[in-house]
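Participant: My structure is below; once you've seen it, I'll send some questions.
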Amino acid sequence: MQDGAKIAMRTYLSAHHLFAAVHFARLGLELENRHTGQPKFSHEHRSYVIGSVLSAVAFLEAAINEVFCNAADGHNALKPLTQSAHDLMRELWGMGIPRTASYPILKKYQVALVLAGKPQLEDGRQPYQDAHLLIQLRNALVHYEPEWLPAPTGAHGFEVKLKHKFPPSALFAGSGNCWYPDHCLGYGCSRWAVNTSVALTEEFLSRMAISGNYQAILPKLGLPLPEKLGPPLP
């Protein structure tokens with residue numbers, strides 16, 4: 001090795017975020033399956049569900065950022081794209097577009113599709129609609145503000161948007177607590193968050209005709225997550 005030679009390494013976190021989202025979802029379900037008796041609150045269970053939702057959205061952002069970074073570095077993973085698409089993505093990423101956290105996550109996906117000359121995700125259809133709701137839920141949890149709602153009839157905005165998307169938490173079955181956050185934050189929500197985030201990224205990659213860095217771990221995750229899960233992850 002010549003004097004002054006350097007070795008550089010880069011980590012792709014999309015797979016780690018996705019693994020965490022699935023892992024937290026499974027842990028939350030284990031607690032729900034063991035629950036018997038009266039409704040109860042569990043800090044442990046709540047932390048698993050919130051962790052799953054936050055990790056699912058972190059996965060969404062990491063996955064698209066990795067695509068732009070690969071374009072900037074001329075990575076073989078984007079070889080199916082035209083040279084023009086490579087150049088546009090590299091040049092705009094170098095200019096900070098859509099590089100910073102100020103860009104909405106789903107807009108990053110749309111920008112990539114436009115630059116590659118591919119059809120954008122339809123914002124009035126799935127999986128875009130659920131991904132948009134998922135990001136809204138993540139934002140509400142990260143920037144949480146307590147609200148007064150008359151239980152059990154006080155319908156929160158998320159109850160209107162999400163109640164039909166997944167079953168409620170088993171820990172609060174039969175309780176008069178408001179749907180959001182207590183009935184909302186259960187395994188059903190975690191399952192929906194994971195499946196939604198993966199459905200969006202897979203649709204995006206299909207339109208781009210490229211592969212994602214996270215896809216290597218998909219076989220061991222058992223996705224999409226079912227209503228009932230099997231053994232723990234290896």
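Every chain in the structure tokens has a letter given in the order shown (A, B, ...), and although residue numbers restart at 1 in each chain, ligands are simply numbered from 1 in the order shown.
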Give me, as JSON lines, each residue of stretch 38-75 of chain A that comes within 7 Å of stretch 155-175 of chain A, together with its shortest interatomic pair and the distance in Å at one decimal, counting only C-alpha atoms, with rows ordered by chain and rising residue number.
Facilitator:
```
{"residue": "A:Pro39", "atom": "CA", "partner": "A:Phe172", "partner_atom": "CA", "distance": 4.6}
{"residue": "A:Lys40", "atom": "CA", "partner": "A:Leu171", "partner_atom": "CA", "distance": 5.7}
{"residue": "A:Phe41", "atom": "CA", "partner": "A:Leu171", "partner_atom": "CA", "distance": 6.9}
```
Participant: Quick one: write out the picked residues with C-alpha atoms as a tab-separated table (two decimals), in the first residue's frame?
Facilitator:
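As a result, selection.tsv now contains:
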```
chain	number	residue	atom	x	y	z
A	39	PRO	CA	-57.19	-3.38	30.09
A	40	LYS	CA	-53.78	-2.11	31.12
A	41	PHE	CA	-51.14	0.41	30.10
```
Participant: Residues near A:Ile105, anyone? I mean within 9 Å using only C-alpha atoms, not counting same-chain ones fewer than 2 positions away, as a PDB file with all heavy atoms, in the first residue's frame.
Facilitator:
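Once everything was written out, this is result.pdb:
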```pdb
ATOM      1  N   VAL A  57     -40.603   4.889   9.377  1.00  0.00           N
ATOM      2  CA  VAL A  57     -40.458   6.135   8.624  1.00  0.00           C
ATOM      3  C   VAL A  57     -38.985   6.460   8.401  1.00  0.00           C
ATOM      4  O   VAL A  57     -38.598   6.956   7.336  1.00  0.00           O
ATOM      5  CB  VAL A  57     -41.180   7.294   9.338  1.00  0.00           C
ATOM      6  CG1 VAL A  57     -40.972   8.605   8.580  1.00  0.00           C
ATOM      7  CG2 VAL A  57     -42.670   6.996   9.448  1.00  0.00           C
ATOM      8  N   LEU A  60     -38.000   4.645   5.419  1.00  0.00           N
ATOM      9  CA  LEU A  60     -38.449   5.312   4.189  1.00  0.00           C
ATOM     10  C   LEU A  60     -37.462   6.376   3.740  1.00  0.00           C
ATOM     11  O   LEU A  60     -37.117   6.465   2.550  1.00  0.00           O
ATOM     12  CB  LEU A  60     -39.821   5.958   4.413  1.00  0.00           C
ATOM     13  CG  LEU A  60     -41.070   5.122   4.199  1.00  0.00           C
ATOM     14  CD1 LEU A  60     -42.308   5.946   4.557  1.00  0.00           C
ATOM     15  CD2 LEU A  60     -41.166   4.624   2.761  1.00  0.00           C
ATOM     16  N   GLU A  61     -37.007   7.193   4.678  1.00  0.00           N
ATOM     17  CA  GLU A  61     -36.104   8.276   4.300  1.00  0.00           C
ATOM     18  C   GLU A  61     -34.706   7.761   3.972  1.00  0.00           C
ATOM     19  O   GLU A  61     -34.072   8.224   3.021  1.00  0.00           O
ATOM     20  CB  GLU A  61     -36.032   9.332   5.408  1.00  0.00           C
ATOM     21  CG  GLU A  61     -35.195  10.532   5.009  1.00  0.00           C
ATOM     22  CD  GLU A  61     -35.552  11.800   5.770  1.00  0.00           C
ATOM     23  OE1 GLU A  61     -36.135  11.685   6.866  1.00  0.00           O
ATOM     24  OE2 GLU A  61     -35.251  12.900   5.274  1.00  0.00           O
ATOM     25  N   ILE A  64     -34.514   6.231   0.305  1.00  0.00           N
ATOM     26  CA  ILE A  64     -34.437   7.148  -0.839  1.00  0.00           C
ATOM     27  C   ILE A  64     -33.134   7.940  -0.813  1.00  0.00           C
ATOM     28  O   ILE A  64     -32.543   8.220  -1.874  1.00  0.00           O
ATOM     29  CB  ILE A  64     -35.660   8.097  -0.888  1.00  0.00           C
ATOM     30  CG1 ILE A  64     -35.634   8.939  -2.157  1.00  0.00           C
ATOM     31  CG2 ILE A  64     -35.740   8.981   0.350  1.00  0.00           C
ATOM     32  CD1 ILE A  64     -35.660   8.127  -3.448  1.00  0.00           C
ATOM     33  N   ALA A 101     -33.120  17.495   5.261  1.00  0.00           N
ATOM     34  CA  ALA A 101     -34.317  17.015   5.944  1.00  0.00           C
ATOM     35  C   ALA A 101     -35.510  17.933   5.727  1.00  0.00           C
ATOM     36  O   ALA A 101     -36.637  17.584   6.061  1.00  0.00           O
ATOM     37  CB  ALA A 101     -34.025  16.870   7.438  1.00  0.00           C
ATOM     38  N   SER A 102     -35.274  19.129   5.174  1.00  0.00           N
ATOM     39  CA  SER A 102     -36.383  20.051   4.921  1.00  0.00           C
ATOM     40  C   SER A 102     -37.262  19.575   3.776  1.00  0.00           C
ATOM     41  O   SER A 102     -38.392  20.038   3.630  1.00  0.00           O
ATOM     42  CB  SER A 102     -35.850  21.454   4.611  1.00  0.00           C
ATOM     43  OG  SER A 102     -35.078  21.448   3.426  1.00  0.00           O
ATOM     44  N   TYR A 103     -36.762  18.641   2.951  1.00  0.00           N
ATOM     45  CA  TYR A 103     -37.573  18.099   1.866  1.00  0.00           C
ATOM     46  C   TYR A 103     -38.481  16.989   2.408  1.00  0.00           C
ATOM     47  O   TYR A 103     -37.991  16.059   3.052  1.00  0.00           O
ATOM     48  CB  TYR A 103     -36.693  17.527   0.752  1.00  0.00           C
ATOM     49  CG  TYR A 103     -36.186  18.553  -0.215  1.00  0.00           C
ATOM     50  CD1 TYR A 103     -35.018  19.266   0.059  1.00  0.00           C
ATOM     51  CD2 TYR A 103     -36.856  18.818  -1.396  1.00  0.00           C
ATOM     52  CE1 TYR A 103     -34.543  20.220  -0.823  1.00  0.00           C
ATOM     53  CE2 TYR A 103     -36.387  19.769  -2.290  1.00  0.00           C
ATOM     54  CZ  TYR A 103     -35.228  20.471  -1.998  1.00  0.00           C
ATOM     55  OH  TYR A 103     -34.762  21.409  -2.868  1.00  0.00           O
ATOM     56  N   LYS A 107     -41.706  13.535  -1.258  1.00  0.00           N
ATOM     57  CA  LYS A 107     -41.286  14.395  -2.363  1.00  0.00           C
ATOM     58  C   LYS A 107     -39.936  13.937  -2.903  1.00  0.00           C
ATOM     59  O   LYS A 107     -39.671  14.045  -4.106  1.00  0.00           O
ATOM     60  CB  LYS A 107     -41.204  15.849  -1.896  1.00  0.00           C
ATOM     61  CG  LYS A 107     -40.927  16.834  -3.032  1.00  0.00           C
ATOM     62  CD  LYS A 107     -40.982  18.271  -2.550  1.00  0.00           C
ATOM     63  CE  LYS A 107     -40.737  19.251  -3.690  1.00  0.00           C
ATOM     64  NZ  LYS A 107     -40.790  20.667  -3.208  1.00  0.00           N
ATOM     65  N   LYS A 108     -39.071  13.418  -2.035  1.00  0.00           N
ATOM     66  CA  LYS A 108     -37.785  12.906  -2.492  1.00  0.00           C
ATOM     67  C   LYS A 108     -37.989  11.761  -3.484  1.00  0.00           C
ATOM     68  O   LYS A 108     -37.284  11.655  -4.491  1.00  0.00           O
ATOM     69  CB  LYS A 108     -36.959  12.421  -1.303  1.00  0.00           C
ATOM     70  CG  LYS A 108     -36.511  13.522  -0.353  1.00  0.00           C
ATOM     71  CD  LYS A 108     -35.559  12.981   0.703  1.00  0.00           C
ATOM     72  CE  LYS A 108     -35.062  14.096   1.608  1.00  0.00           C
ATOM     73  NZ  LYS A 108     -33.970  13.664   2.501  1.00  0.00           N
ATOM     74  N   TYR A 109     -38.952  10.892  -3.176  1.00  0.00           N
ATOM     75  CA  TYR A 109     -39.246   9.790  -4.092  1.00  0.00           C
ATOM     76  C   TYR A 109     -39.759  10.314  -5.430  1.00  0.00           C
ATOM     77  O   TYR A 109     -39.364   9.820  -6.498  1.00  0.00           O
ATOM     78  CB  TYR A 109     -40.285   8.854  -3.465  1.00  0.00           C
ATOM     79  CG  TYR A 109     -39.720   7.927  -2.412  1.00  0.00           C
ATOM     80  CD1 TYR A 109     -39.610   8.324  -1.082  1.00  0.00           C
ATOM     81  CD2 TYR A 109     -39.297   6.644  -2.745  1.00  0.00           C
ATOM     82  CE1 TYR A 109     -39.090   7.471  -0.115  1.00  0.00           C
ATOM     83  CE2 TYR A 109     -38.778   5.787  -1.799  1.00  0.00           C
ATOM     84  CZ  TYR A 109     -38.680   6.198  -0.481  1.00  0.00           C
ATOM     85  OH  TYR A 109     -38.150   5.351   0.468  1.00  0.00           O
ATOM     86  N   ILE A 135     -46.395   8.932   7.777  1.00  0.00           N
ATOM     87  CA  ILE A 135     -45.481  10.036   8.089  1.00  0.00           C
ATOM     88  C   ILE A 135     -46.172  11.059   8.987  1.00  0.00           C
ATOM     89  O   ILE A 135     -45.556  11.612   9.904  1.00  0.00           O
ATOM     90  CB  ILE A 135     -44.958  10.683   6.799  1.00  0.00           C
ATOM     91  CG1 ILE A 135     -44.080   9.679   6.036  1.00  0.00           C
ATOM     92  CG2 ILE A 135     -44.171  11.956   7.091  1.00  0.00           C
ATOM     93  CD1 ILE A 135     -43.710  10.115   4.639  1.00  0.00           C
TER      94      ILE A 135
END
```
Participant: Looking at A:Asn195, A:Ala209, A:His16, A:Val111, which one is nearest to A:Ser55, with distances taken over only C-alpha atoms?
Facilitator: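 Result for the nearest residue to A:Ser55: A:His16.
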Participant: Which residues are near stretch 221-228 of chain A? Cut-off 12 Å, only C-alpha atoms, ignore same chain within fewer than 3 positions. Put them as an MDAnalysis selection string.
Facilitator: chainID A and resid 15:16 18:23 25:26 28:30 32:33 166:168 186:199 202 214:218 231:234
Participant: Could you write out that same residue set with N, CA and C atoms as a CSV table (one decimal), in the first residue's frame?
Facilitator:
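Okay, this is what ended up in again.csv:
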```csv
chain,number,residue,atom,x,y,z
A,15,ALA,N,-31.6,-0.9,5.9
A,15,ALA,CA,-31.8,-2.3,6.4
A,15,ALA,C,-31.9,-2.3,7.9
A,16,HIS,N,-31.1,-1.5,8.6
A,16,HIS,CA,-31.2,-1.5,10.0
A,16,HIS,C,-32.5,-0.9,10.6
A,18,LEU,N,-35.3,-0.9,9.0
A,18,LEU,CA,-36.4,-1.8,8.7
A,18,LEU,C,-36.4,-3.0,9.6
A,19,PHE,N,-35.2,-3.5,9.9
A,19,PHE,CA,-35.1,-4.6,10.9
A,19,PHE,C,-35.6,-4.2,12.2
A,20,ALA,N,-35.3,-3.0,12.6
A,20,ALA,CA,-35.8,-2.5,13.9
A,20,ALA,C,-37.3,-2.4,13.9
A,21,ALA,N,-37.9,-1.9,12.9
A,21,ALA,CA,-39.3,-1.7,12.8
A,21,ALA,C,-40.0,-3.0,12.9
A,22,VAL,N,-39.5,-4.1,12.3
A,22,VAL,CA,-40.1,-5.4,12.4
A,22,VAL,C,-39.8,-6.0,13.7
A,23,HIS,N,-38.7,-5.8,14.3
A,23,HIS,CA,-38.3,-6.4,15.6
A,23,HIS,C,-39.2,-5.8,16.7
A,25,ALA,N,-42.1,-4.5,16.3
A,25,ALA,CA,-43.5,-4.9,16.1
A,25,ALA,C,-43.7,-6.3,16.7
A,26,ARG,N,-42.7,-7.2,16.5
A,26,ARG,CA,-42.8,-8.6,17.0
A,26,ARG,C,-42.8,-8.5,18.6
A,28,GLY,N,-43.9,-6.1,20.5
A,28,GLY,CA,-45.2,-5.6,20.9
A,28,GLY,C,-46.3,-6.6,20.8
A,29,LEU,N,-46.2,-7.5,19.8
A,29,LEU,CA,-47.2,-8.5,19.6
A,29,LEU,C,-47.1,-9.6,20.7
A,30,GLU,N,-45.8,-9.9,21.1
A,30,GLU,CA,-45.6,-10.9,22.1
A,30,GLU,C,-46.3,-10.4,23.4
A,32,GLU,N,-48.9,-8.4,23.7
A,32,GLU,CA,-50.3,-8.4,23.5
A,32,GLU,C,-50.8,-9.9,23.6
A,33,ASN,N,-50.1,-10.8,23.1
A,33,ASN,CA,-50.5,-12.2,23.1
A,33,ASN,C,-50.5,-12.7,24.5
A,166,PHE,N,-56.4,-0.8,10.7
A,166,PHE,CA,-55.8,-1.9,11.4
A,166,PHE,C,-56.6,-2.1,12.7
A,167,PRO,N,-56.5,-3.3,13.3
A,167,PRO,CA,-57.2,-3.5,14.6
A,167,PRO,C,-56.5,-2.8,15.8
A,168,PRO,N,-57.3,-2.5,16.8
A,168,PRO,CA,-56.7,-1.8,17.9
A,168,PRO,C,-55.8,-2.6,18.8
A,186,GLY,N,-50.9,-0.2,18.9
A,186,GLY,CA,-50.7,-1.6,19.2
A,186,GLY,C,-50.0,-2.3,18.0
A,187,TYR,N,-50.0,-3.6,18.1
A,187,TYR,CA,-49.4,-4.4,17.0
A,187,TYR,C,-50.0,-4.1,15.7
A,188,GLY,N,-51.3,-3.9,15.6
A,188,GLY,CA,-51.9,-3.6,14.3
A,188,GLY,C,-51.3,-2.4,13.7
A,189,CYS,N,-51.0,-1.3,14.5
A,189,CYS,CA,-50.4,-0.1,14.0
A,189,CYS,C,-49.0,-0.4,13.5
A,190,SER,N,-48.2,-1.1,14.3
A,190,SER,CA,-46.9,-1.5,13.9
A,190,SER,C,-46.9,-2.2,12.6
A,191,ARG,N,-47.7,-3.2,12.5
A,191,ARG,CA,-47.8,-4.1,11.3
A,191,ARG,C,-48.1,-3.2,10.1
A,192,TRP,N,-49.1,-2.3,10.2
A,192,TRP,CA,-49.5,-1.4,9.1
A,192,TRP,C,-48.3,-0.5,8.8
A,193,ALA,N,-47.6,0.0,9.8
A,193,ALA,CA,-46.5,0.9,9.5
A,193,ALA,C,-45.4,0.2,8.7
A,194,VAL,N,-45.0,-1.0,9.1
A,194,VAL,CA,-44.0,-1.8,8.4
A,194,VAL,C,-44.4,-2.1,7.0
A,195,ASN,N,-45.6,-2.7,6.8
A,195,ASN,CA,-46.1,-3.1,5.5
A,195,ASN,C,-46.2,-1.9,4.6
A,196,THR,N,-46.7,-0.8,5.1
A,196,THR,CA,-46.8,0.4,4.3
A,196,THR,C,-45.5,1.0,3.8
A,197,SER,N,-44.5,1.0,4.7
A,197,SER,CA,-43.2,1.6,4.3
A,197,SER,C,-42.6,0.7,3.2
A,198,VAL,N,-42.7,-0.6,3.4
A,198,VAL,CA,-42.1,-1.5,2.4
A,198,VAL,C,-42.8,-1.5,1.1
A,199,ALA,N,-44.2,-1.4,1.1
A,199,ALA,CA,-44.9,-1.3,-0.1
A,199,ALA,C,-44.6,-0.1,-0.9
A,202,GLU,N,-40.9,-0.6,-2.4
A,202,GLU,CA,-40.9,-1.6,-3.4
A,202,GLU,C,-41.6,-1.1,-4.7
A,214,TYR,N,-31.6,-2.4,1.1
A,214,TYR,CA,-32.2,-3.1,2.2
A,214,TYR,C,-32.8,-4.5,1.7
A,215,GLN,N,-32.9,-4.7,0.4
A,215,GLN,CA,-33.6,-5.9,-0.1
A,215,GLN,C,-32.9,-7.2,0.3
A,216,ALA,N,-31.6,-7.1,0.6
A,216,ALA,CA,-30.9,-8.4,1.0
A,216,ALA,C,-31.5,-9.0,2.2
A,217,ILE,N,-32.1,-8.2,3.1
A,217,ILE,CA,-32.6,-8.8,4.4
A,217,ILE,C,-34.0,-9.2,4.3
A,218,LEU,N,-34.7,-8.8,3.2
A,218,LEU,CA,-36.2,-9.1,3.1
A,218,LEU,C,-36.5,-10.6,3.4
A,231,PRO,N,-42.1,-17.5,14.7
A,231,PRO,CA,-41.0,-17.4,15.7
A,231,PRO,C,-40.2,-16.1,15.6
A,232,PRO,N,-39.5,-15.7,16.6
A,232,PRO,CA,-38.7,-14.5,16.6
A,232,PRO,C,-37.7,-14.5,15.4
A,233,LEU,N,-37.2,-13.4,15.0
A,233,LEU,CA,-36.2,-13.3,14.0
A,233,LEU,C,-34.9,-14.0,14.4
A,234,PRO,N,-34.2,-14.6,13.4
A,234,PRO,CA,-32.9,-15.2,13.8
A,234,PRO,C,-31.9,-14.2,14.1
```
Participant: Which is closer to A:Arg99 than all the others in A:Asp87, A:Glu66, A:Glu122, A:Asp130, using only C-alpha atoms?
Facilitator: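 Looking only at the distances to A:Arg99, the closest residue turns out to be A:Glu66.
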Participant: State, in Å with one decimal place, the distance from atom CA of A:Gly51 to atom CA of A:Phe68.
Facilitator: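 Atom-to-atom, atom CA of A:Gly51 and atom CA of A:Phe68 are spaced 25.9 Å apart.
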Participant: Please provide as a PyMOL selection string all residues within 12 Å of A:Leu92, with the sequence filter that same-chain residues fewer than 3 positions apart are discarded (counting only C-alpha atoms).
Facilitator: chain A and resi 68-69+71-72+85-89+95-100+108+111-112+115
Participant: Write the residues of the preceding selection, restricted to N, CA and C atoms, as a PDB file, in the first residue's frame.
Facilitator:
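Result file follows (result.pdb):
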```
ATOM      1  N   PHE A  68     -30.105   8.279  -3.930  1.00  0.00           N
ATOM      2  CA  PHE A  68     -29.437   9.488  -4.420  1.00  0.00           C
ATOM      3  C   PHE A  68     -27.930   9.429  -4.182  1.00  0.00           C
ATOM      4  N   CYS A  69     -27.511   8.891  -3.031  1.00  0.00           N
ATOM      5  CA  CYS A  69     -26.073   8.762  -2.770  1.00  0.00           C
ATOM      6  C   CYS A  69     -25.426   7.804  -3.755  1.00  0.00           C
ATOM      7  N   ALA A  71     -26.416   7.311  -6.768  1.00  0.00           N
ATOM      8  CA  ALA A  71     -26.336   8.041  -8.035  1.00  0.00           C
ATOM      9  C   ALA A  71     -25.140   8.989  -8.021  1.00  0.00           C
ATOM     10  N   ALA A  72     -24.929   9.644  -6.896  1.00  0.00           N
ATOM     11  CA  ALA A  72     -23.822  10.596  -6.796  1.00  0.00           C
ATOM     12  C   ALA A  72     -22.472   9.898  -6.940  1.00  0.00           C
ATOM     13  N   ALA A  85     -30.121  10.245 -16.415  1.00  0.00           N
ATOM     14  CA  ALA A  85     -30.754  10.185 -15.098  1.00  0.00           C
ATOM     15  C   ALA A  85     -29.687  10.201 -14.008  1.00  0.00           C
ATOM     16  N   HIS A  86     -28.616   9.432 -14.213  1.00  0.00           N
ATOM     17  CA  HIS A  86     -27.495   9.431 -13.266  1.00  0.00           C
ATOM     18  C   HIS A  86     -26.961  10.848 -13.066  1.00  0.00           C
ATOM     19  N   ASP A  87     -26.718  11.519 -14.176  1.00  0.00           N
ATOM     20  CA  ASP A  87     -26.119  12.845 -14.119  1.00  0.00           C
ATOM     21  C   ASP A  87     -27.020  13.845 -13.406  1.00  0.00           C
ATOM     22  N   LEU A  88     -28.310  13.804 -13.732  1.00  0.00           N
ATOM     23  CA  LEU A  88     -29.251  14.734 -13.104  1.00  0.00           C
ATOM     24  C   LEU A  88     -29.346  14.501 -11.598  1.00  0.00           C
ATOM     25  N   MET A  89     -29.450  13.239 -11.200  1.00  0.00           N
ATOM     26  CA  MET A  89     -29.550  12.931  -9.776  1.00  0.00           C
ATOM     27  C   MET A  89     -28.273  13.333  -9.041  1.00  0.00           C
ATOM     28  N   MET A  95     -26.185  19.746  -5.234  1.00  0.00           N
ATOM     29  CA  MET A  95     -26.699  21.092  -4.963  1.00  0.00           C
ATOM     30  C   MET A  95     -27.633  21.114  -3.754  1.00  0.00           C
ATOM     31  N   GLY A  96     -27.807  19.934  -3.115  1.00  0.00           N
ATOM     32  CA  GLY A  96     -28.677  19.871  -1.945  1.00  0.00           C
ATOM     33  C   GLY A  96     -30.123  19.596  -2.262  1.00  0.00           C
ATOM     34  N   ILE A  97     -30.417  19.104  -3.460  1.00  0.00           N
ATOM     35  CA  ILE A  97     -31.798  18.846  -3.890  1.00  0.00           C
ATOM     36  C   ILE A  97     -31.939  17.371  -4.252  1.00  0.00           C
ATOM     37  N   PRO A  98     -32.809  16.637  -3.559  1.00  0.00           N
ATOM     38  CA  PRO A  98     -33.586  16.958  -2.347  1.00  0.00           C
ATOM     39  C   PRO A  98     -32.869  16.394  -1.121  1.00  0.00           C
ATOM     40  N   ARG A  99     -31.733  16.931  -0.817  1.00  0.00           N
ATOM     41  CA  ARG A  99     -30.807  16.313   0.127  1.00  0.00           C
ATOM     42  C   ARG A  99     -31.115  16.559   1.600  1.00  0.00           C
ATOM     43  N   THR A 100     -31.594  17.702   1.937  1.00  0.00           N
ATOM     44  CA  THR A 100     -31.749  18.029   3.354  1.00  0.00           C
ATOM     45  C   THR A 100     -33.053  17.496   3.919  1.00  0.00           C
ATOM     46  N   LYS A 108     -39.071  13.418  -2.035  1.00  0.00           N
ATOM     47  CA  LYS A 108     -37.785  12.906  -2.492  1.00  0.00           C
ATOM     48  C   LYS A 108     -37.989  11.761  -3.484  1.00  0.00           C
ATOM     49  N   VAL A 111     -39.215  13.261  -6.791  1.00  0.00           N
ATOM     50  CA  VAL A 111     -38.131  13.934  -7.514  1.00  0.00           C
ATOM     51  C   VAL A 111     -37.266  12.910  -8.236  1.00  0.00           C
ATOM     52  N   ALA A 112     -36.933  11.815  -7.561  1.00  0.00           N
ATOM     53  CA  ALA A 112     -36.113  10.774  -8.179  1.00  0.00           C
ATOM     54  C   ALA A 112     -36.799  10.190  -9.403  1.00  0.00           C
ATOM     55  N   LEU A 115     -36.635  12.729 -12.307  1.00  0.00           N
ATOM     56  CA  LEU A 115     -35.295  12.820 -12.876  1.00  0.00           C
ATOM     57  C   LEU A 115     -34.941  11.587 -13.715  1.00  0.00           C
TER      58      LEU A 115
END
```
Participant: For atom CA of A:Pro127 and atom CA of A:Phe24, determine how far apart the two atoms are, in Å to one decimal place.
Facilitator: 22.1 Å
Participant: How many Å lie between atom CA of A:Ala131 and atom CA of A:Leu13, rounded to one decimal?
Facilitator: 19.2 Å
Participant: Give the answer as one residue: which of A:Cys178, A:Leu31, A:Ala56, A:Cys184 has the shortest atom-to-atom distance to A:His43, using only C-alpha atoms?
Facilitator: A:Leu31
Participant: Give the alpha helix (DSSP H) residues of stretch 167-217 of chain A, as assigned by DSSP on the backbone, as a ChimeraX atom specification.
Facilitator: /A:187-208
Participant: Go ahead and dump the residues you just picked, C-alpha atoms, as a compact mmCIF listing (two decimals), in the first residue's frame.
Facilitator:
```
# COMPACT_ATOMS: atom_id res chain seq x y z
CA TYR A 187 -49.36 -4.36 17.02
CA GLY A 188 -51.94 -3.59 14.34
CA CYS A 189 -50.44 -0.12 13.97
CA SER A 190 -46.88 -1.47 13.90
CA ARG A 191 -47.83 -4.06 11.30
CA TRP A 192 -49.47 -1.41 9.14
CA ALA A 193 -46.45 0.90 9.49
CA VAL A 194 -43.98 -1.78 8.39
CA ASN A 195 -46.08 -3.09 5.52
CA THR A 196 -46.85 0.43 4.31
CA SER A 197 -43.24 1.58 4.28
CA VAL A 198 -42.07 -1.51 2.40
CA ALA A 199 -44.95 -1.32 -0.10
CA LEU A 200 -43.96 2.27 -0.96
CA THR A 201 -40.26 1.53 -1.41
CA GLU A 202 -40.93 -1.62 -3.42
CA GLU A 203 -43.30 0.25 -5.74
CA PHE A 204 -40.70 2.96 -6.18
CA LEU A 205 -37.89 0.51 -6.96
CA SER A 206 -40.13 -1.32 -9.42
CA ARG A 207 -40.83 1.89 -11.32
CA MET A 208 -37.15 2.78 -11.31
```
